[in-house]
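*Asks:* Please find work23.pdb (PDB, C-alpha atoms, pLDDT in the B column) on the next line:
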MODEL        1
ATOM      1  CA  MET A   2      52.654 -84.996   7.993  1.00 42.00           C
ATOM      2  CA  LEU A   3      50.690 -86.865  10.676  1.00 40.00           C
ATOM      3  CA  SER A   4      51.737 -90.299  11.938  1.00 46.00           C
ATOM      4  CA  GLY A   5      49.324 -93.206  11.518  1.00 46.00           C
ATOM      5  CA  PHE A   6      48.370 -93.111  15.207  1.00 42.00           C
ATOM      6  CA  TYR A   7      47.521 -89.403  15.103  1.00 38.00           C
ATOM      7  CA  LYS A   8      45.607 -89.818  11.834  1.00 38.00           C
ATOM      8  CA  LYS A   9      43.503 -92.554  13.461  1.00 41.00           C
ATOM      9  CA  SER A  10      42.915 -90.399  16.539  1.00 39.00           C
ATOM     10  CA  LEU A  11      41.963 -87.379  14.429  1.00 35.00           C
ATOM     11  CA  LEU A  12      39.582 -89.481  12.344  1.00 34.00           C
ATOM     12  CA  SER A  13      38.016 -90.833  15.540  1.00 37.00           C
ATOM     13  CA  LEU A  14      37.473 -87.328  16.884  1.00 35.00           C
ATOM     14  CA  VAL A  15      36.027 -86.083  13.575  1.00 33.00           C
ATOM     15  CA  GLY A  16      33.696 -89.100  13.469  1.00 36.00           C
ATOM     16  CA  ALA A  17      32.527 -88.504  17.030  1.00 36.00           C
ATOM     17  CA  LEU A  18      31.857 -84.847  16.278  1.00 33.00           C
ATOM     18  CA  ALA A  19      29.910 -85.837  13.162  1.00 33.00           C
ATOM     19  CA  ILE A  20      27.764 -88.183  15.252  1.00 31.00           C
ATOM     20  CA  LEU A  21      27.126 -85.402  17.751  1.00 33.00           C
ATOM     21  CA  ALA A  22      26.291 -82.847  15.049  1.00 34.00           C
ATOM     22  CA  GLY A  23      24.065 -85.279  13.166  1.00 34.00           C
ATOM     23  CA  GLY A  24      21.922 -86.110  16.151  1.00 33.00           C
ATOM     24  CA  GLY A  25      22.881 -89.783  16.014  1.00 33.00           C
ATOM     25  CA  CYS A  26      22.901 -90.018  19.794  1.00 33.00           C
ATOM     26  CA  ALA A  27      19.349 -90.786  20.789  1.00 32.00           C
ATOM     27  CA  GLY A  28      18.815 -92.351  24.174  1.00 32.00           C
ATOM     28  CA  GLY A  29      18.955 -91.756  27.894  1.00 32.00           C
ATOM     29  CA  PRO A  30      21.568 -90.138  30.098  1.00 31.00           C
ATOM     30  CA  ALA A  31      24.001 -93.080  30.366  1.00 32.00           C
ATOM     31  CA  GLU A  32      24.181 -93.841  26.648  1.00 32.00           C
ATOM     32  CA  THR A  33      27.626 -94.350  25.175  1.00 31.00           C
ATOM     33  CA  VAL A  34      28.566 -93.759  21.551  1.00 34.00           C
ATOM     34  CA  VAL A  35      31.852 -95.065  20.224  1.00 35.00           C
ATOM     35  CA  ASP A  36      33.502 -93.961  17.012  1.00 34.00           C
ATOM     36  CA  ASN A  37      36.237 -96.343  15.880  1.00 38.00           C
ATOM     37  CA  VAL A  38      38.657 -96.528  12.976  1.00 36.00           C
ATOM     38  CA  GLY A  39      40.791 -99.715  13.437  1.00 38.00           C
ATOM     39  CA  ARG A  40      40.738-102.564  15.995  1.00 39.00           C
ATOM     40  CA  LEU A  41      43.173-102.381  18.918  1.00 43.00           C
ATOM     41  CA  HIS A  42      44.188-105.477  20.822  1.00 50.00           C
ATOM     42  CA  LEU A  43      45.161-105.305  24.473  1.00 60.00           C
ATOM     43  CA  ASP A  44      47.992-107.800  23.996  1.00 78.00           C
ATOM     44  CA  GLY A  45      49.862-105.677  21.401  1.00 87.00           C
ATOM     45  CA  PHE A  46      51.903-102.624  22.414  1.00 89.00           C
ATOM     46  CA  LEU A  47      50.594 -99.147  21.599  1.00 85.00           C
ATOM     47  CA  PRO A  48      52.064 -95.619  21.744  1.00 88.00           C
ATOM     48  CA  GLY A  49      52.492 -94.531  25.359  1.00 88.00           C
ATOM     49  CA  ASP A  50      52.769 -98.064  26.750  1.00 91.00           C
ATOM     50  CA  ARG A  51      55.723 -98.742  29.044  1.00 94.00           C
ATOM     51  CA  VAL A  52      57.699-101.916  28.343  1.00 96.00           C
ATOM     52  CA  ARG A  53      60.098-103.741  30.683  1.00 97.00           C
ATOM     53  CA  VAL A  54      63.012-105.332  28.802  1.00 97.00           C
ATOM     54  CA  HIS A  55      65.365-107.704  30.632  1.00 98.00           C
ATOM     55  CA  VAL A  56      68.512-108.933  28.891  1.00 97.00           C
ATOM     56  CA  GLU A  57      70.093-111.657  31.045  1.00 97.00           C
ATOM     57  CA  GLY A  58      73.596-110.667  32.190  1.00 96.00           C
ATOM     58  CA  HIS A  59      73.322-107.138  30.761  1.00 96.00           C
ATOM     59  CA  PRO A  60      71.932-104.709  33.350  1.00 96.00           C
ATOM     60  CA  GLU A  61      72.875-101.775  31.099  1.00 95.00           C
ATOM     61  CA  LEU A  62      70.236-102.956  28.600  1.00 95.00           C
ATOM     62  CA  SER A  63      67.664-104.122  31.147  1.00 97.00           C
ATOM     63  CA  ARG A  64      65.207-101.381  32.035  1.00 96.00           C
ATOM     64  CA  GLU A  65      61.815 -99.858  31.333  1.00 97.00           C
ATOM     65  CA  TYR A  66      61.215 -98.115  28.004  1.00 97.00           C
ATOM     66  CA  GLN A  67      58.246 -96.101  26.727  1.00 95.00           C
ATOM     67  CA  LEU A  68      56.844 -96.403  23.217  1.00 94.00           C
ATOM     68  CA  ASP A  69      56.947 -93.049  21.447  1.00 94.00           C
ATOM     69  CA  HIS A  70      54.022 -91.472  19.556  1.00 92.00           C
ATOM     70  CA  ASP A  71      54.684 -93.750  16.554  1.00 93.00           C
ATOM     71  CA  GLY A  72      54.847 -96.924  18.671  1.00 93.00           C
ATOM     72  CA  ALA A  73      58.621 -97.328  18.571  1.00 96.00           C
ATOM     73  CA  LEU A  74      61.221 -97.955  21.278  1.00 96.00           C
ATOM     74  CA  GLU A  75      64.686 -96.429  21.351  1.00 96.00           C
ATOM     75  CA  LEU A  76      67.058 -99.144  22.583  1.00 96.00           C
ATOM     76  CA  PRO A  77      70.817 -99.121  23.229  1.00 95.00           C
ATOM     77  CA  LEU A  78      72.775-100.906  20.472  1.00 95.00           C
ATOM     78  CA  LEU A  79      69.665-101.371  18.311  1.00 96.00           C
ATOM     79  CA  GLY A  80      68.354 -97.828  18.015  1.00 96.00           C
ATOM     80  CA  ARG A  81      64.734 -97.422  16.929  1.00 97.00           C
ATOM     81  CA  VAL A  82      62.639-100.617  17.100  1.00 97.00           C
ATOM     82  CA  ASP A  83      59.032-100.592  15.859  1.00 96.00           C
ATOM     83  CA  ALA A  84      56.761-102.180  18.489  1.00 95.00           C
ATOM     84  CA  TYR A  85      53.335-100.872  17.398  1.00 92.00           C
ATOM     85  CA  GLY A  86      50.813-103.706  17.761  1.00 90.00           C
ATOM     86  CA  VAL A  87      53.550-106.234  18.589  1.00 92.00           C
ATOM     87  CA  THR A  88      52.971-108.656  21.475  1.00 93.00           C
ATOM     88  CA  PRO A  89      55.567-109.163  24.220  1.00 95.00           C
ATOM     89  CA  ALA A  90      56.485-112.591  22.788  1.00 95.00           C
ATOM     90  CA  GLU A  91      56.941-111.146  19.288  1.00 96.00           C
ATOM     91  CA  LEU A  92      59.071-108.287  20.613  1.00 97.00           C
ATOM     92  CA  GLU A  93      61.245-110.776  22.523  1.00 96.00           C
ATOM     93  CA  LYS A  94      61.991-112.573  19.225  1.00 97.00           C
ATOM     94  CA  VAL A  95      62.828-109.293  17.482  1.00 96.00           C
ATOM     95  CA  LEU A  96      65.188-108.253  20.289  1.00 97.00           C
ATOM     96  CA  VAL A  97      66.901-111.669  20.461  1.00 97.00           C
ATOM     97  CA  LEU A  98      67.602-111.421  16.725  1.00 96.00           C
ATOM     98  CA  GLY A  99      68.693-107.782  16.996  1.00 96.00           C
ATOM     99  CA  PHE A 100      70.989-108.171  20.001  1.00 96.00           C
ATOM    100  CA  GLY A 101      72.312-111.474  18.594  1.00 95.00           C
ATOM    101  CA  ASP A 102      73.266-109.861  15.278  1.00 94.00           C
ATOM    102  CA  GLY A 103      76.840-108.909  16.144  1.00 90.00           C
ATOM    103  CA  PHE A 104      76.239-107.483  19.624  1.00 92.00           C
ATOM    104  CA  LEU A 105      75.623-110.305  22.114  1.00 94.00           C
ATOM    105  CA  ARG A 106      76.208-114.052  22.059  1.00 93.00           C
ATOM    106  CA  ALA A 107      72.936-116.031  22.469  1.00 94.00           C
ATOM    107  CA  PRO A 108      71.020-113.247  24.231  1.00 96.00           C
ATOM    108  CA  GLU A 109      68.214-114.208  26.604  1.00 97.00           C
ATOM    109  CA  VAL A 110      65.570-111.499  26.450  1.00 97.00           C
ATOM    110  CA  THR A 111      62.359-111.160  28.448  1.00 97.00           C
ATOM    111  CA  VAL A 112      59.757-108.508  27.593  1.00 97.00           C
ATOM    112  CA  ARG A 113      56.659-107.605  29.581  1.00 95.00           C
ATOM    113  CA  ARG A 114      54.254-104.706  29.650  1.00 92.00           C
ATOM    114  CA  ALA A 115      55.087-102.449  32.584  1.00 92.00           C
ATOM    115  CA  ARG A 116      52.085-100.171  32.118  1.00 90.00           C
ATOM    116  CA  HIS A 117      49.389 -99.489  29.514  1.00 87.00           C
ATOM    117  CA  ARG A 118      48.967 -95.989  28.188  1.00 87.00           C
ATOM    118  CA  PRO A 119      46.391 -94.070  30.247  1.00 91.00           C
ATOM    119  CA  ILE A 120      42.745 -93.377  29.537  1.00 91.00           C
ATOM    120  CA  PHE A 121      41.507 -89.792  29.492  1.00 93.00           C
ATOM    121  CA  VAL A 122      38.359 -88.391  31.070  1.00 94.00           C
ATOM    122  CA  ALA A 123      37.121 -85.047  29.767  1.00 93.00           C
ATOM    123  CA  GLY A 124      34.052 -82.855  29.581  1.00 92.00           C
ATOM    124  CA  GLU A 125      31.755 -82.067  32.464  1.00 92.00           C
ATOM    125  CA  VAL A 126      33.511 -84.025  35.204  1.00 94.00           C
ATOM    126  CA  VAL A 127      34.901 -82.647  38.457  1.00 95.00           C
ATOM    127  CA  HIS A 128      38.538 -83.671  37.763  1.00 97.00           C
ATOM    128  CA  PRO A 129      39.235 -84.091  34.027  1.00 96.00           C
ATOM    129  CA  GLY A 130      42.588 -85.602  33.108  1.00 95.00           C
ATOM    130  CA  SER A 131      44.474 -88.823  32.458  1.00 93.00           C
ATOM    131  CA  TYR A 132      43.958 -91.893  34.611  1.00 95.00           C
ATOM    132  CA  ALA A 133      45.806 -95.202  34.787  1.00 92.00           C
ATOM    133  CA  PHE A 134      44.267 -97.900  32.623  1.00 91.00           C
ATOM    134  CA  GLU A 135      43.209-101.073  34.404  1.00 89.00           C
ATOM    135  CA  PRO A 136      41.712-104.074  32.621  1.00 87.00           C
ATOM    136  CA  GLY A 137      37.954-104.172  33.255  1.00 90.00           C
ATOM    137  CA  LEU A 138      37.625-100.415  33.872  1.00 92.00           C
ATOM    138  CA  THR A 139      34.366 -99.097  32.381  1.00 93.00           C
ATOM    139  CA  ALA A 140      33.400 -95.635  31.115  1.00 92.00           C
ATOM    140  CA  ALA A 141      31.016 -95.188  34.046  1.00 92.00           C
ATOM    141  CA  ALA A 142      33.777 -96.131  36.530  1.00 94.00           C
ATOM    142  CA  ALA A 143      36.208 -93.732  34.804  1.00 95.00           C
ATOM    143  CA  VAL A 144      33.707 -90.868  35.241  1.00 93.00           C
ATOM    144  CA  THR A 145      33.446 -91.799  38.925  1.00 94.00           C
ATOM    145  CA  ARG A 146      37.265 -91.753  39.238  1.00 95.00           C
ATOM    146  CA  ALA A 147      37.226 -88.247  37.770  1.00 96.00           C
ATOM    147  CA  GLY A 148      34.967 -87.080  40.603  1.00 95.00           C
ATOM    148  CA  GLY A 149      31.649 -87.668  38.873  1.00 92.00           C
ATOM    149  CA  ALA A 150      29.500 -85.209  36.973  1.00 90.00           C
ATOM    150  CA  ALA A 151      30.180 -81.508  37.416  1.00 89.00           C
ATOM    151  CA  GLY A 152      26.709 -80.654  36.069  1.00 76.00           C
ATOM    152  CA  GLU A 153      23.221 -82.075  36.375  1.00 79.00           C
ATOM    153  CA  PRO A 154      23.645 -85.821  35.707  1.00 73.00           C
ATOM    154  CA  GLU A 155      20.277 -86.206  33.988  1.00 76.00           C
ATOM    155  CA  THR A 156      21.368 -83.796  31.219  1.00 79.00           C
ATOM    156  CA  LEU A 157      24.733 -85.495  30.619  1.00 84.00           C
ATOM    157  CA  ARG A 158      25.709 -88.438  28.408  1.00 85.00           C
ATOM    158  CA  ILE A 159      28.879 -90.496  28.211  1.00 86.00           C
ATOM    159  CA  PHE A 160      30.804 -90.781  24.935  1.00 85.00           C
ATOM    160  CA  VAL A 161      33.831 -92.990  24.314  1.00 87.00           C
ATOM    161  CA  ILE A 162      36.291 -91.983  21.607  1.00 83.00           C
ATOM    162  CA  ARG A 163      38.591 -94.844  20.645  1.00 78.00           C
ATOM    163  CA  ALA A 164      41.504 -94.815  18.206  1.00 68.00           C
ATOM    164  CA  GLY A 165      40.671 -98.373  17.125  1.00 59.00           C
ATOM    165  CA  ALA A 166      37.611-100.095  15.716  1.00 49.00           C
ATOM    166  CA  GLY A 167      34.942-102.046  17.443  1.00 51.00           C
ATOM    167  CA  ASP A 168      31.279-102.016  18.185  1.00 52.00           C
ATOM    168  CA  ALA A 169      29.369 -99.336  20.058  1.00 57.00           C
ATOM    169  CA  VAL A 170      29.786 -99.919  23.772  1.00 63.00           C
ATOM    170  CA  SER A 171      27.665 -99.129  26.789  1.00 72.00           C
ATOM    171  CA  ALA A 172      28.858 -97.187  29.814  1.00 79.00           C
ATOM    172  CA  HIS A 173      29.564-100.577  31.423  1.00 83.00           C
ATOM    173  CA  THR A 174      31.716-102.077  28.653  1.00 79.00           C
ATOM    174  CA  PRO A 175      35.426-102.318  29.554  1.00 87.00           C
ATOM    175  CA  LEU A 176      37.622 -99.533  28.174  1.00 90.00           C
ATOM    176  CA  GLN A 177      40.835 -99.963  26.181  1.00 85.00           C
ATOM    177  CA  PRO A 178      44.135 -98.137  26.775  1.00 86.00           C
ATOM    178  CA  GLY A 179      44.072 -94.639  25.287  1.00 85.00           C
ATOM    179  CA  ASP A 180      40.283 -94.354  25.228  1.00 88.00           C
ATOM    180  CA  VAL A 181      38.832 -90.903  25.801  1.00 89.00           C
ATOM    181  CA  VAL A 182      35.714 -90.834  27.963  1.00 91.00           C
ATOM    182  CA  GLU A 183      33.786 -87.607  27.618  1.00 89.00           C
ATOM    183  CA  LEU A 184      30.807 -86.465  29.646  1.00 89.00           C
ATOM    184  CA  ARG A 185      28.720 -84.025  27.558  1.00 86.00           C
ATOM    185  CA  ARG A 186      25.395 -82.216  27.828  1.00 82.00           C
ATOM    186  CA  SER A 187      22.570 -83.807  25.888  1.00 74.00           C
ATOM    187  CA  ALA A 188      21.365 -81.728  22.966  1.00 68.00           C
ATOM    188  CA  GLY A 189      17.756 -80.731  23.425  1.00 58.00           C
TER     189      GLY A 189
ENDMDL
END
Can the structure in the file be given as structure tokens, please?
*Replies:*
Amino acid sequence: MLSGFYKKSLLSLVGALAILAGGGCAGGPAETVVDNVGRLHLDGFLPGDRVRVHVEGHPELSREYQLDHDGALELPLLGRVDAYGVTPAELEKVLVLGFGDGFLRAPEVTVRRARHRPIFVAGEVVHPGSYAFEPGLTAAAAVTRAGGAAGEPETLRIFVIRAGAGDAVSAHTPLQPGDVVELRRSAG
């Protein structure tokens, strides 16, 4: 059984492939097509994000944690805590309640994002792979980070595959964490 995140990602990939197969990608070399299934917000945590939790006076609880593939954190004393789509302020409230429920007296908890999950650059680029997400990073800039086009640029087009929903974006629209930027040959 697939988790919700993987179902969304699989649906995004299937949708992108359907667009490619159906010829729905008319336009010039720098055109971007986005297939989206649900809206992601940069302020909420997503699978792969790293979260810094500080519990005042408790260094054994204060450290960096990574959200697993379902968007949950595994925390001492509390166990599994769902953080998918939750903002830092909302997670602070959850942790204060959790740690305060029989574990700590009046816990002071601070939560911040340590690092977004990466973006991925694939296809006909010189160095495909994962790259650190930075707010404002565009698909065109991500291709440049990956060493640029490995083939003839005039026959290549940029596609963005996103696990969330939104409108079609250009090569100069900012990416979101987890986006897949793919440089592919134009059909025909």
*Asks:* Separation of CA of Leu184 (chain A) and CA of Leu138 (chain A), in Å?
*Replies:* 16.1 Å
*Asks:* What does the distance between CA of Ser187 (chain A) and CA of Thr156 (chain A) come to in Å, to one decimal place?
*Replies:*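 CA of Ser187 (chain A) sits 5.5 Å away from CA of Thr156 (chain A).
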*Asks:* What does the structure give for the distance between CA of His128 (chain A) and CA of Ala147 (chain A), in Å to one decimal?
*Replies:*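 Separation between CA of His128 (chain A) and CA of Ala147 (chain A): 4.8 Å.
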*Asks:* Between A:Leu62, A:Leu74, A:Leu176, A:Ala107, which has the minimum distance to Pro48 (chain A) (counting all atoms listed in the file)?
*Replies:*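 Under the stated criterion, the closest residue is A:Leu74.
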*Asks:* Running the PyMOL selection byres ((chain A and resi 139) around 8) on this model by hand, what would come out? Give it as a list in words.
*Replies:*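 Taken over the shown coordinates, the PyMOL selection byres ((chain A and resi 139) around 8) returns Gly137, Leu138, Ala140, Ala141, Ala142, Ala143, Ala172, His173, Thr174, Pro175 and Leu176 of chain A.
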*Asks:* Per residue of region 94-169 of chain A within 9 Å of region 77-90 of chain A, record the nearest atom pair and its distance in Å to one decimal, counting only C-alpha atoms, with rows in chain order and ascending residue number, as a tab-separated table.
*Replies:*
residue	atom	partner	partner_atom	distance
A:Lys94	CA	A:Ala90	CA	6.6
A:Val95	CA	A:Val82	CA	8.7
A:Leu96	CA	A:Leu79	CA	8.4
A:Gly99	CA	A:Leu79	CA	6.6
A:Phe100	CA	A:Leu79	CA	7.1
A:Phe104	CA	A:Leu78	CA	7.5
A:Thr111	CA	A:Pro89	CA	8.2
A:Val112	CA	A:Pro89	CA	5.4
A:Arg113	CA	A:Pro89	CA	5.7
A:Arg114	CA	A:Pro89	CA	7.1
*Asks:* What does the file look like for those residues with C-alpha atoms, as a PDB file, keeping the file's coordinate frame?
*Replies:*
ATOM      1  CA  LYS A  94      61.991-112.573  19.225  1.00 97.00           C
ATOM      2  CA  VAL A  95      62.828-109.293  17.482  1.00 96.00           C
ATOM      3  CA  LEU A  96      65.188-108.253  20.289  1.00 97.00           C
ATOM      4  CA  GLY A  99      68.693-107.782  16.996  1.00 96.00           C
ATOM      5  CA  PHE A 100      70.989-108.171  20.001  1.00 96.00           C
ATOM      6  CA  PHE A 104      76.239-107.483  19.624  1.00 92.00           C
ATOM      7  CA  THR A 111      62.359-111.160  28.448  1.00 97.00           C
ATOM      8  CA  VAL A 112      59.757-108.508  27.593  1.00 97.00           C
ATOM      9  CA  ARG A 113      56.659-107.605  29.581  1.00 95.00           C
ATOM     10  CA  ARG A 114      54.254-104.706  29.650  1.00 92.00           C
TER      11      ARG A 114
END
*Asks:* Set the distance at 6 Å and use all atoms listed in the file: which residues neighbour region 148-153 of chain A once local chain neighbours fewer than 5 positions away are removed? I'd like the list as an MDAnalysis selection string.
*Replies:* chainID A and resid 125:128
*Asks:* Centre and edge lengths, as lines of an AutoDock Vina configuration file, for the axis-aligned box enclosing every listed atom of region 87-99 of chain A with 8 Å of padding on each of the six sides, in Å to one decimal?
*Replies:*
center_x = 60.8
center_y = -109.4
center_z = 20.5
size_x = 31.7
size_y = 22.4
size_z = 23.5
*Asks:* Of the residues A:Leu47, A:Glu91, A:Val161, A:Ala133, which is the one nearest to His70 (chain A), using all atoms listed in the file?
*Replies:* A:Leu47
*Asks:* May I have the residues within 9 Å of Gly49 (chain A) as a CSV table (one decimal) with C-alpha atoms, keeping the file's coordinate frame, using all atoms listed in the file and disregarding those fewer than 5 positions away in the same chain?
*Replies:*
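Saved the output as around21.csv:
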chain,number,residue,atom,x,y,z
A,67,GLN,CA,58.2,-96.1,26.7
A,68,LEU,CA,56.8,-96.4,23.2
A,69,ASP,CA,56.9,-93.0,21.4
A,70,HIS,CA,54.0,-91.5,19.6
A,72,GLY,CA,54.8,-96.9,18.7
A,116,ARG,CA,52.1,-100.2,32.1
A,117,HIS,CA,49.4,-99.5,29.5
A,118,ARG,CA,49.0,-96.0,28.2
A,119,PRO,CA,46.4,-94.1,30.2
A,179,GLY,CA,44.1,-94.6,25.3
*Asks:* If we count all atoms listed in the file, what is near Glu65 (chain A) at a cut-off of 8 Å, once residues fewer than 5 positions away on the same chain are taken out, given as a list in words?
*Replies:* Arg51, Val52, Arg53, Val54 and Ala115 of chain A
*Asks:* Save region 53-92 of chain A to disk from that block, C-alpha atoms included, as a PDB file, in the first residue's frame.
*Replies:*
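Final file, part_20.pdb:
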ATOM      1  CA  ARG A  53      15.336  21.844  14.466  1.00  0.00           C
ATOM      2  CA  VAL A  54      13.576  21.274  17.803  1.00  0.00           C
ATOM      3  CA  HIS A  55      14.823  23.071  20.922  1.00  0.00           C
ATOM      4  CA  VAL A  56      13.364  22.168  24.314  1.00  0.00           C
ATOM      5  CA  GLU A  57      14.640  24.686  26.881  1.00  0.00           C
ATOM      6  CA  GLY A  58      16.686  22.976  29.610  1.00  0.00           C
ATOM      7  CA  HIS A  59      16.604  19.578  27.870  1.00  0.00           C
ATOM      8  CA  PRO A  60      19.594  19.152  25.543  1.00  0.00           C
ATOM      9  CA  GLU A  61      18.770  15.445  25.169  1.00  0.00           C
ATOM     10  CA  LEU A  62      15.575  16.431  23.319  1.00  0.00           C
ATOM     11  CA  SER A  63      17.010  19.423  21.462  1.00  0.00           C
ATOM     12  CA  ARG A  64      18.361  18.462  18.058  1.00  0.00           C
ATOM     13  CA  GLU A  65      17.648  18.226  14.350  1.00  0.00           C
ATOM     14  CA  TYR A  66      15.125  15.666  13.103  1.00  0.00           C
ATOM     15  CA  GLN A  67      14.140  14.627   9.574  1.00  0.00           C
ATOM     16  CA  LEU A  68      10.565  13.998   8.478  1.00  0.00           C
ATOM     17  CA  ASP A  69      10.178  10.462   7.158  1.00  0.00           C
ATOM     18  CA  HIS A  70       8.483   9.520   3.864  1.00  0.00           C
ATOM     19  CA  ASP A  71       5.037   9.936   5.473  1.00  0.00           C
ATOM     20  CA  GLY A  72       5.855  13.360   6.952  1.00  0.00           C
ATOM     21  CA  ALA A  73       6.309  12.196  10.537  1.00  0.00           C
ATOM     22  CA  LEU A  74       9.035  12.806  13.122  1.00  0.00           C
ATOM     23  CA  GLU A  75      10.288  10.233  15.600  1.00  0.00           C
ATOM     24  CA  LEU A  76      10.868  12.064  18.890  1.00  0.00           C
ATOM     25  CA  PRO A  77      12.156  10.853  22.270  1.00  0.00           C
ATOM     26  CA  LEU A  78       9.350  10.459  24.838  1.00  0.00           C
ATOM     27  CA  LEU A  79       6.636  11.171  22.252  1.00  0.00           C
ATOM     28  CA  GLY A  80       7.405   8.622  19.555  1.00  0.00           C
ATOM     29  CA  ARG A  81       5.896   9.245  16.123  1.00  0.00           C
ATOM     30  CA  VAL A  82       4.513  12.772  15.593  1.00  0.00           C
ATOM     31  CA  ASP A  83       2.725  13.643  12.338  1.00  0.00           C
ATOM     32  CA  ALA A  84       4.140  16.902  10.932  1.00  0.00           C
ATOM     33  CA  TYR A  85       2.987  16.701   7.289  1.00  0.00           C
ATOM     34  CA  GLY A  86       1.832  20.170   6.217  1.00  0.00           C
ATOM     35  CA  VAL A  87       2.177  21.542   9.762  1.00  0.00           C
ATOM     36  CA  THR A  88       3.835  24.942  10.239  1.00  0.00           C
ATOM     37  CA  PRO A  89       6.637  25.470  12.768  1.00  0.00           C
ATOM     38  CA  ALA A  90       4.257  27.376  15.082  1.00  0.00           C
ATOM     39  CA  GLU A  91       1.663  24.584  14.919  1.00  0.00           C
ATOM     40  CA  LEU A  92       4.298  21.929  15.605  1.00  0.00           C
TER      41      LEU A  92
END
